[in-house]
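J.: I'd like to ask you about the structure that follows.
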Amino acid sequence: MVFLGLRGKKLLAGITVSSGLGFILFARTSLLIDFFIIGYDNGVIGGLLTAPDFESTFNLDSTLQGVVTSLFELGCFFGSLVTAAAGGRFGRRTLAHFGTLAIAVGSLLQASSFSVGQLMVGRIVAGIGLGLISSNVAIWQAETAPAKVRGTLVACSLSFLIVGQLLANLIDYGMNSYSGPVTWRFPIAFQSIIALLMSALLFFMPESPRYLIMKDRIEETVTVLQALKDTADRESVAAEIAEIKEALLLELNSQKSWTDLFKADKVKSRRRVIIACVVNLMQDLSGSTPIAYYTTFIFQNSVGFSRHLSLLMSIFLQLWFLLASTLTWWLIERVGRRRLFMLSACCMGMVMAVVAAMLAVNTRTSGIVAVVMIFAYQAFFTWGFMGGVWVYGPEILPLEYRSKGMGLATATLWLFSFVMVEIVPSSIANIGWRTYIIFAVFNFSFIPIIYFFFPETKGLSLELVDLAFMDDTTTPVKRAKELHKMIASGEELTLRTEVGGKDVDIVHIEGKSA
């Protein structure tokens, strides 16, 4: 049965939600196992760093804690570079399949480790797998979702990341009542089950129609679009196919190789890849990585809670994080990506400043205030950057460079995650509360960059985003505002009409071979 018989909204819902349901309720369809895996790994390693048997087995000091944890990010960096180099040839789902196998192997290597060396190798292998997954599924979902709900669907996806973190925290907390190797080997090994389940379920989901058009697989494109739109009428998908082909033709006329990325072209590919990389860098410099990995560590070492209370607080934090993330589903399409980025950056900067001040005072009362601020930070982060980054990157990139650009963007994310996770333990140990001042400064610096250089993509088709960058008489930010005003006034905009393209005859589509 094609796509398990799912069509239209049911297929979109299956792509967006069913991975989380697949793990929790054993549902049948999947996309977000990838985000579930990301969250699960972050939560697991963050809690295990302070597990007694883990500590006695590997004897990691603060520097080695950073190295072991951050090697996962280094592997993700290389996995993302593979997408940049090969994503256009192998497709989104194929590379995601390779990623799930790498994660399964890597998690088993870690779970069976008796030496720091094997543990490190397992972290790198699993990281390569996650790099492949994270840099492909974001594109995949963006290219299958309708423009009006694209942000909402991706935001729903990111909520499963938090489910993964919550599950990991619950497992860590449950294992805290046991002793011996099972307290850390089981949580890590469980990740391989998640990865293999994702691999199996991916077989039943559709490939990106835009990727299929790039490969001139028109009949498959028609089948996928008909399923996504829940229609049997080929005419109804002809216009969208023609729009995608127009964008591809426009981009191919100015882009031929990697070297062309460093040259000016009509659709501003270079600028758009830089924006995608910068927005991913902002996620790292906002302080999200140390919060995600070192929540238990921070509660114990910065605030002074016991291990038991720290694990319990981590669970409460993830429950709050999950609840707060549901508001993003509504905000991202109403408020827009740009405004949420700026509001989130401002609020996260203020929160980090307050955390620094409270930890500097170093009283029990100030420690409680710092904990409250960490809870506030998670809310502001999920409302702005958590969902926004993963939807904005694929949106802002041109089709021809989407795999290359998203590969570079996620490589940037994972490279600087590696740096952050590497230095945070030492930073907390050496300069304490001043660490959070650094993140506050970073967050405040994001606001002018976003205001002047990040156009709004809310409600625009992926092809219409090209139009925001093609006008040399104005900036992409101003042009995007003009496009939104035109759409709000009732004008029907398409890339073909704006650049003088011609409609594609449905007979021509039917004549293409699969």
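The way I read the labels, and the way they are meant: chains A, B, ... in the order of the structure tokens, residue 1 as the first residue of every chain, and ligand 1 as the first ligand shown, with later ones counted on from there.
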Residues near Ala409 in chain A, anyone? I mean within 12 Å using only C-alpha atoms, not counting same-chain ones fewer than 3 positions away, as a PyMOL selection string.
T.: chain A and resi 76-81+83-84+131+134-136+138-139+272-284+389-390+392-394+396-397+401-406+412-416
J.: Please identify all polymer residues within 12 Å of Met120 in chain A, counting only C-alpha atoms, omitting same-chain residues fewer than 6 positions from it, and present them as a VMD selection string.
T.: chain A and resid 58 64 to 75 106 to 107 109 to 114 126 to 127
J.: Please save C-alpha atoms of the selected residues as a PDB file, in the first residue's frame.
T.:
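again01.pdb was written with the following content:
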```pdb
ATOM      1  CA  PHE A  58      35.794   6.133  32.740  1.00  0.00           C
ATOM      2  CA  LEU A  64      37.237  14.867  29.206  1.00  0.00           C
ATOM      3  CA  GLN A  65      33.526  15.250  29.938  1.00  0.00           C
ATOM      4  CA  GLY A  66      33.469  18.014  27.368  1.00  0.00           C
ATOM      5  CA  VAL A  67      35.501  15.963  24.874  1.00  0.00           C
ATOM      6  CA  VAL A  68      33.366  12.794  25.142  1.00  0.00           C
ATOM      7  CA  THR A  69      30.135  14.735  24.897  1.00  0.00           C
ATOM      8  CA  SER A  70      31.268  17.042  22.113  1.00  0.00           C
ATOM      9  CA  LEU A  71      32.686  14.257  19.904  1.00  0.00           C
ATOM     10  CA  PHE A  72      29.084  13.490  19.038  1.00  0.00           C
ATOM     11  CA  GLU A  73      28.796  16.999  17.591  1.00  0.00           C
ATOM     12  CA  LEU A  74      32.039  16.485  15.685  1.00  0.00           C
ATOM     13  CA  GLY A  75      30.567  13.364  14.092  1.00  0.00           C
ATOM     14  CA  GLY A 106      27.448   3.942  17.284  1.00  0.00           C
ATOM     15  CA  SER A 107      25.064   3.475  20.192  1.00  0.00           C
ATOM     16  CA  LEU A 109      29.682   0.680  20.483  1.00  0.00           C
ATOM     17  CA  GLN A 110      29.069   3.127  23.328  1.00  0.00           C
ATOM     18  CA  ALA A 111      26.897   0.747  25.340  1.00  0.00           C
ATOM     19  CA  SER A 112      29.548  -1.984  25.176  1.00  0.00           C
ATOM     20  CA  SER A 113      32.471   0.317  26.039  1.00  0.00           C
ATOM     21  CA  PHE A 114      35.019  -0.450  28.734  1.00  0.00           C
ATOM     22  CA  ALA A 126      26.570   7.894  16.063  1.00  0.00           C
ATOM     23  CA  GLY A 127      27.209  11.566  15.433  1.00  0.00           C
TER      24      GLY A 127
END
```
J.: Counting only C-alpha atoms, which of A:Thr494, A:Ser269, A:Ser115, A:Ser179 gets nearest to Glu400 in chain A?
T.: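 Using only C-alpha atoms, Glu400 in chain A sits closest to A:Ser269.
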J.: For range 153-267 of chain A versus range 145-149 of chain A, which residues have an atom no more than 10 Å away, and what is each residue's nearest atom pair and distance in Å rounded to one decimal, using only C-alpha atoms, chain-then-number order, as a tab-separated table?
T.:
```
residue	atom	partner	partner_atom	distance
A:Leu153	CA	A:Val149	CA	6.1
A:Val154	CA	A:Val149	CA	8.7
A:Ala155	CA	A:Val149	CA	9.8
A:Ser208	CA	A:Ala145	CA	9.6
A:Leu228	CA	A:Ala145	CA	8.4
A:Lys229	CA	A:Pro146	CA	9.3
```
J.: Only N, CA and C atoms, please: the residues just picked out, written as an mmCIF file, in the first residue's frame.
T.:
```
data_model
loop_
_atom_site.group_PDB
_atom_site.id
_atom_site.type_symbol
_atom_site.label_atom_id
_atom_site.label_comp_id
_atom_site.auth_asym_id
_atom_site.auth_seq_id
_atom_site.Cartn_x
_atom_site.Cartn_y
_atom_site.Cartn_z
ATOM 1 N N LEU A 153 4.028 22.674 11.092
ATOM 2 C CA LEU A 153 4.362 21.254 11.039
ATOM 3 C C LEU A 153 5.777 20.982 11.550
ATOM 4 N N VAL A 154 6.726 21.856 11.175
ATOM 5 C CA VAL A 154 8.096 21.680 11.666
ATOM 6 C C VAL A 154 8.149 21.922 13.170
ATOM 7 N N ALA A 155 7.403 22.921 13.668
ATOM 8 C CA ALA A 155 7.368 23.173 15.107
ATOM 9 C C ALA A 155 6.798 21.970 15.855
ATOM 10 N N SER A 208 10.690 13.639 -1.242
ATOM 11 C CA SER A 208 10.387 15.041 -1.534
ATOM 12 C C SER A 208 10.059 15.219 -3.015
ATOM 13 N N LEU A 228 -0.210 14.025 -1.361
ATOM 14 C CA LEU A 228 -0.134 15.129 -0.409
ATOM 15 C C LEU A 228 -1.357 16.036 -0.504
ATOM 16 N N LYS A 229 -1.882 16.213 -1.718
ATOM 17 C CA LYS A 229 -3.058 17.064 -1.926
ATOM 18 C C LYS A 229 -4.363 16.283 -1.843
#
```
J.: If you count only C-alpha atoms, which residues fall within 6 Å of Gly99 in chain A, apart from same-chain ones fewer than 6 positions away, as a PDB file with C-alpha atoms, in the first residue's frame?
T.:
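Written out: part-v9.pdb:
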```pdb
ATOM      1  CA  GLY A 129      24.507   9.212  11.561  1.00  0.00           C
ATOM      2  CA  LEU A 130      22.696  12.068  13.244  1.00  0.00           C
ATOM      3  CA  LEU A 132      23.013  12.743   7.988  1.00  0.00           C
ATOM      4  CA  ILE A 133      19.553  12.626   9.527  1.00  0.00           C
TER       5      ILE A 133
END
```
J.: Work out how far apart CA of Phe90 in chain A and CA of Arg150 in chain A are and give it in Å to one decimal.
T.: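 Between CA of Phe90 in chain A and CA of Arg150 in chain A the gap is 23.8 Å.
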J.: Can you list, as a ChimeraX atom specification, every residue of range 383-506 of chain A that DSSP puts in helix (DSSP H, G or I)?
T.: /A:383-396,399-431,434-453,464-470,476-488,495-499,506
J.: Counting only C-alpha atoms, what is within 10 Å of Ile449 in chain A, bar same-chain residues fewer than 2 positions away, as number ranges by chain?
T.: A: 275, 278-279, 342, 444-447, 451-454
J.: Keeping only N, CA and C atoms, take the residues you just selected and write them out as a CSV table (one decimal), in the first residue's frame.
T.:
```csv
chain,number,residue,atom,x,y,z
A,275,ILE,N,23.2,33.1,5.3
A,275,ILE,CA,22.1,33.3,6.2
A,275,ILE,C,21.7,32.0,6.9
A,278,VAL,N,24.4,31.3,9.4
A,278,VAL,CA,24.4,32.2,10.5
A,278,VAL,C,23.2,31.9,11.5
A,279,VAL,N,22.0,31.6,11.0
A,279,VAL,CA,20.9,31.3,11.9
A,279,VAL,C,21.2,30.0,12.7
A,342,MET,N,13.8,37.7,16.9
A,342,MET,CA,14.2,38.9,17.6
A,342,MET,C,13.7,39.0,19.0
A,444,PHE,N,21.9,39.3,22.6
A,444,PHE,CA,21.6,40.7,22.3
A,444,PHE,C,22.1,41.1,20.9
A,445,SER,N,23.3,40.5,20.6
A,445,SER,CA,23.9,40.9,19.3
A,445,SER,C,23.2,40.3,18.1
A,446,PHE,N,22.3,39.3,18.3
A,446,PHE,CA,21.6,38.7,17.2
A,446,PHE,C,20.5,39.7,16.6
A,447,ILE,N,20.0,40.5,17.5
A,447,ILE,CA,18.8,41.3,17.1
A,447,ILE,C,19.0,42.2,15.9
A,451,TYR,N,17.3,41.8,12.1
A,451,TYR,CA,16.5,42.9,11.6
A,451,TYR,C,16.9,43.4,10.2
A,452,PHE,N,18.2,43.4,10.0
A,452,PHE,CA,18.7,44.0,8.7
A,452,PHE,C,18.8,43.0,7.6
A,453,PHE,N,19.0,41.7,8.0
A,453,PHE,CA,19.4,40.7,6.9
A,453,PHE,C,18.5,39.5,6.8
A,454,PHE,N,17.6,39.3,7.7
A,454,PHE,CA,16.7,38.1,7.6
A,454,PHE,C,15.3,38.4,7.1
```
J.: Measuring atom to atom with only C-alpha atoms, identify which of A:Ala104, A:Ile428, A:Ala239, A:Ile450 is nearest to Arg123 in chain A.
T.: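 Selected residue with least distance to Arg123 in chain A: A:Ala104.
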J.: What separation in Å, quoted to one decimal, exists between CA of Leu462 in chain A and CA of Arg271 in chain A?
T.: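 According to the coordinates, CA of Leu462 in chain A and CA of Arg271 in chain A are separated by 16.2 Å.
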J.: Between A:Phe160, A:Phe3, A:Trp433, A:Trp184, single out the one closest to Thr326 in chain A, counting only C-alpha atoms.
T.: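 Ranked by minimum distance to Thr326 in chain A, first place goes to A:Phe160.
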J.: Point out the residue among A:Leu319, A:Thr473, A:Phe186, A:Thr435 with the least atom-to-atom distance to Gly174 in chain A, counting only C-alpha atoms.
T.: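 Smallest separation from Gly174 in chain A among the options: A:Phe186.
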J.: Write out as a list in words the residues lying within 12 Å of Ala379 in chain A, counting only C-alpha atoms and excluding same-chain residues fewer than 5 positions away.
T.: Ile162, Ser288, Leu317, Gln318, Leu319, Trp320, Phe321, Leu322, Leu323, Ala324, Ser325, Thr326, Leu327, Thr328, Leu343, Ser344, Ala345, Cys347, Met348, Val351, Val372, Met373, Ile374, Gly384, Phe385, Met386 and Gly387 of chain A
J.: How about saving the chosen residues, C-alpha atoms kept, as a PDB file, in the first residue's frame?
T.:
```pdb
ATOM      1  CA  ILE A 162      11.655  17.381  23.751  1.00  0.00           C
ATOM      2  CA  SER A 288      20.910  26.287  24.113  1.00  0.00           C
ATOM      3  CA  LEU A 317      12.244  21.279  33.035  1.00  0.00           C
ATOM      4  CA  GLN A 318      11.592  19.005  30.062  1.00  0.00           C
ATOM      5  CA  LEU A 319       7.884  18.784  30.925  1.00  0.00           C
ATOM      6  CA  TRP A 320       7.736  22.569  30.932  1.00  0.00           C
ATOM      7  CA  PHE A 321       9.785  22.684  27.723  1.00  0.00           C
ATOM      8  CA  LEU A 322       7.312  20.320  26.040  1.00  0.00           C
ATOM      9  CA  LEU A 323       4.309  22.330  27.211  1.00  0.00           C
ATOM     10  CA  ALA A 324       5.853  25.614  26.070  1.00  0.00           C
ATOM     11  CA  SER A 325       6.734  24.175  22.660  1.00  0.00           C
ATOM     12  CA  THR A 326       3.074  23.684  21.798  1.00  0.00           C
ATOM     13  CA  LEU A 327       2.594  27.466  21.729  1.00  0.00           C
ATOM     14  CA  THR A 328       5.186  27.638  18.931  1.00  0.00           C
ATOM     15  CA  LEU A 343      11.853  38.607  20.569  1.00  0.00           C
ATOM     16  CA  SER A 344      13.391  35.310  21.586  1.00  0.00           C
ATOM     17  CA  ALA A 345      16.946  36.669  21.381  1.00  0.00           C
ATOM     18  CA  CYS A 347      14.331  37.610  26.193  1.00  0.00           C
ATOM     19  CA  MET A 348      17.063  34.927  26.255  1.00  0.00           C
ATOM     20  CA  VAL A 351      17.379  35.686  31.191  1.00  0.00           C
ATOM     21  CA  VAL A 372      13.318  29.810  37.486  1.00  0.00           C
ATOM     22  CA  MET A 373      15.300  31.714  34.851  1.00  0.00           C
ATOM     23  CA  ILE A 374      16.474  28.448  33.266  1.00  0.00           C
ATOM     24  CA  GLY A 384      11.898  31.455  18.762  1.00  0.00           C
ATOM     25  CA  PHE A 385      14.978  29.495  17.810  1.00  0.00           C
ATOM     26  CA  MET A 386      14.206  25.825  18.378  1.00  0.00           C
ATOM     27  CA  GLY A 387      11.504  25.505  15.732  1.00  0.00           C
TER      28      GLY A 387
END
```
J.: May I ask for the distance between CA of Glu207 in chain A and CA of Ser192 in chain A, given in Å to one decimal place?
T.: 23.9 Å
J.: Looking at A:His97, A:Ala247, A:Ile218, A:Ser314, which one is nearest to Leu166 in chain A, with distances taken over only C-alpha atoms?
T.: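 So, comparing all the options, the nearest one is A:Ser314.
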